[in-house]
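Down below is the structure, laid out as structure tokens.
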Amino acid sequence: MRSAMTTLFAAAVTATLLVGCAGSGGLDGDLTDDWAALPPPSAFTPAAGVCQAADFTEVVTLATYEPVDCAGPHRVETVHVGAFPVERASAPAGGSVELRGAFAECDTRATGYVGDEWRVGRLRLSVALPSGPGWAAGSRWFRCDLTELTTVEAAATVVVRSGSLRDTLKGASGLRLGCQQTGRTASRVQTLAPVECGKQHDAEFVGVWRAPDTAYPSRDSDWSPLYDGCRSVLGRYVGVPDDADLSFRSGVVVRPPGAGRWRVGDRGVRCYLWLSDRTVTASLKGAGPAGLPVRTK
């Protein structure tokens with residue numbers, strides 16, 4: 001009996017092995033040589049007027065390019081796509097003349113897109129480039145991306161917004177910078193927080209000064225041109241003479257772009273008036289000498 005069962009078991013095993021070795025449906029048993037080769041990297045050009053749900057990245061590949069309708073939630077909006085010369089062999093390095101030129105084009109296009117100087121709002125402009133393989137495949141574009149921020153101060157985070165930024169600064173907008181309340185020491189403003197102009201405040205955004213193409217300020221003396229430039233912006237905003245008395249009418253707060261942004265060509269300095277000795281409950285735009293008198297103390 002045992003011998004018969006052994007014989008039956010051996011026959012079953014043999015049958016199973018024979019089934020396992022049955023025809024492979026056209027496959028030759030090599031699991032690697034029948035896969036089609038991956039296509040080589042190809043050139044592509046992103047579109048303008050579309051948005052991205054993901055955060056901004058300096059390098060964009062076709063695999064990560066996933067445009068979405070700006071009516072839905074997103075973090076980035078592409079306002080323009082420009083092009084480098086086709087004969088250029090490699091992507092421009094940070095701080096290069098070519099990359100600064102790309103930023104300048106993006107700067108102009110972004111302002112036209114939102115309807116006013118984009119820096120008067122809680123916005124950040126960035127330039128994205130193709131990847132190395134994309135460049136090798138023929139991509140020569142640069143992408144101009146705008147992002148809404150919670151603040152233009154150091155603690156800024158990206159806002160997930162719905163709705164396009166197109167024409168959002170043509171009129172009144174919650175994006176616009178306006179009256180501010182400072183957080184400060186006795187002699188220095190450390191933070192600026194937005195506040196309704198009808199409430200007590202001691203500072204106000206007055207505009208943007210364009211710094212010349214110089215090195216990023218690193219010494220006290222390097223900051224003097226920025227303060228002088230912003231004082232002139234302040235004088236025009238309030239409607240007071242840009243003379244020696246201006247520094248006795250108001251303090252000034254300057255907020256230049258960071259060193260990295262300066263390196264790629266951003267020269268827009270945000271300027272604020274600062275009332276170190278009092279608060280007001282209205283905007284000082286166009287207030288004139290009566291609204292911003294010379295301080296005697």
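FYI, nothing fancy with the structure tokens labels: chains A, B, ... in order, residues from 1 per chain, ligands from 1 as they appear.
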- Task: Just the residues within 12 Å of segment 88-95 of chain A, please, counting only C-alpha atoms, with nothing from its chain fewer than 6 positions along; format it as JSON, numbers by chain.
- Result: {"A": [58, 59, 101, 102, 103, 127, 128, 129, 130, 131, 132, 133, 134, 135, 136, 137, 138, 139, 140, 141, 142, 213, 215, 216, 259, 260, 261, 262, 263, 264, 265, 266]}
- Item | Filtered DSSP result for segment 37-232 of chain A, state helix (DSSP H, G or I), as a ChimeraX atom specification | /A:62-64,97-114,118-120,132-136,220-232
- Message: Could you check the closest approach to Gly183 of chain A for each of A:Ser276, A:Gly112, A:Leu123, A:Val233 and tell me which residue wins, using only C-alpha atoms?
- Response: A:Ser276
- Atomic separation - atom CA of Cys179 of chain A relative to atom CA of Lys285 of chain A, Å: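 Atom CA of Cys179 of chain A lies 10.3 Å from atom CA of Lys285 of chain A.
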- Message: Taking 3 positions as the minimum chain separation for residues in the same chain, which residues sit within 9 Å of Val208 of chain A when counting only C-alpha atoms? Answer as JSON, numbers by chain.
- Response: {"A": [117, 119, 120, 205, 230, 233, 268, 269, 270, 271]}
- Query: What residues in segment 32-251 of chain A get the DSSP label strand (DSSP E)? Please answer as a ChimeraX atom specification.
  - Reply: /A:51-52,59-60,67-68,73-74,76-83,123-130,141-148,161-162,179-184,189-194,203-210,251
- Query: Closest to Thr296 of chain A among A:Ser250, A:Ser224, A:Gln180, A:Ser283, using only C-alpha atoms?
  - Reply: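 Closest candidate: A:Ser250.
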- Would you mind reading off the distance between atom CA of Val97 of chain A and atom CA of Ala83 of chain A, one decimal, in Å?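 Interatomic distance here is 14.3 Å.
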- Query: Can you list, as a ChimeraX atom specification, every protein, DNA or RNA residue that comes within 10 Å of segment 143-150 of chain A when you count only C-alpha atoms, leaving out same-chain residues fewer than 2 positions away?
  - Reply: /A:45-52,55-60,74-83,102-103,105-107,109-110,114,118,121-130,141,152-153,155-161,165,175
Please provide as a PDB file with N, CA and C atoms, in the first residue's frame all residues within 12 Å of Asp245 of chain A, with the sequence filter that same-chain residues fewer than 5 positions apart are discarded (counting only C-alpha atoms).
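Once written, around39.pdb looks like this:
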```
ATOM      1  N   ARG A 231      13.523 106.818   0.789  1.00  0.00           N
ATOM      2  CA  ARG A 231      13.036 108.133   1.250  1.00  0.00           C
ATOM      3  C   ARG A 231      12.426 108.907   0.092  1.00  0.00           C
ATOM      4  N   SER A 232      13.026 108.816  -1.077  1.00  0.00           N
ATOM      5  CA  SER A 232      12.461 109.502  -2.245  1.00  0.00           C
ATOM      6  C   SER A 232      11.098 108.916  -2.607  1.00  0.00           C
ATOM      7  N   GLY A 235       8.635 110.249  -0.071  1.00  0.00           N
ATOM      8  CA  GLY A 235       8.255 111.641  -0.312  1.00  0.00           C
ATOM      9  C   GLY A 235       7.187 111.759  -1.389  1.00  0.00           C
ATOM     10  N   VAL A 240       5.406 115.091   0.115  1.00  0.00           N
ATOM     11  CA  VAL A 240       6.238 116.043   0.846  1.00  0.00           C
ATOM     12  C   VAL A 240       7.556 116.200   0.101  1.00  0.00           C
ATOM     13  N   SER A 250       9.789 111.407   8.985  1.00  0.00           N
ATOM     14  CA  SER A 250       9.458 110.002   9.136  1.00  0.00           C
ATOM     15  C   SER A 250      10.714 109.143   9.076  1.00  0.00           C
ATOM     16  N   GLY A 251      10.676 108.031   9.771  1.00  0.00           N
ATOM     17  CA  GLY A 251      11.693 107.020   9.568  1.00  0.00           C
ATOM     18  C   GLY A 251      11.349 106.224   8.313  1.00  0.00           C
ATOM     19  N   PRO A 289       2.503 117.813   3.775  1.00  0.00           N
ATOM     20  CA  PRO A 289       3.253 118.236   4.965  1.00  0.00           C
ATOM     21  C   PRO A 289       2.411 118.265   6.240  1.00  0.00           C
ATOM     22  N   LEU A 292       2.370 114.752   7.542  1.00  0.00           N
ATOM     23  CA  LEU A 292       3.682 114.248   7.936  1.00  0.00           C
ATOM     24  C   LEU A 292       4.589 115.449   8.255  1.00  0.00           C
ATOM     25  N   PRO A 293       4.309 116.114   9.359  1.00  0.00           N
ATOM     26  CA  PRO A 293       5.051 117.318   9.700  1.00  0.00           C
ATOM     27  C   PRO A 293       6.483 117.006  10.133  1.00  0.00           C
ATOM     28  N   VAL A 294       7.317 118.029  10.063  1.00  0.00           N
ATOM     29  CA  VAL A 294       8.693 117.889  10.556  1.00  0.00           C
ATOM     30  C   VAL A 294       8.656 117.756  12.068  1.00  0.00           C
ATOM     31  N   ARG A 295       9.337 116.747  12.586  1.00  0.00           N
ATOM     32  CA  ARG A 295       9.378 116.533  14.030  1.00  0.00           C
ATOM     33  C   ARG A 295      10.437 117.443  14.633  1.00  0.00           C
ATOM     34  N   THR A 296      10.104 118.023  15.749  1.00  0.00           N
ATOM     35  CA  THR A 296      11.051 118.937  16.412  1.00  0.00           C
ATOM     36  C   THR A 296      11.871 118.224  17.461  1.00  0.00           C
TER      37      THR A 296
END
```
- Separation of atom CA of Val254 of chain A from atom CA of Gly198 of chain A, in Å and rounded to one decimal: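 Between atom CA of Val254 of chain A and atom CA of Gly198 of chain A the gap works out to 23.4 Å.
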- Message: Show me, as an NGL selection string, the residues that have an atom within 12 Å of Ser187 of chain A when counting only C-alpha atoms, minus same-chain residues fewer than 5 positions from it.
- Response: :A and (182 or 251-253 or 274-277)
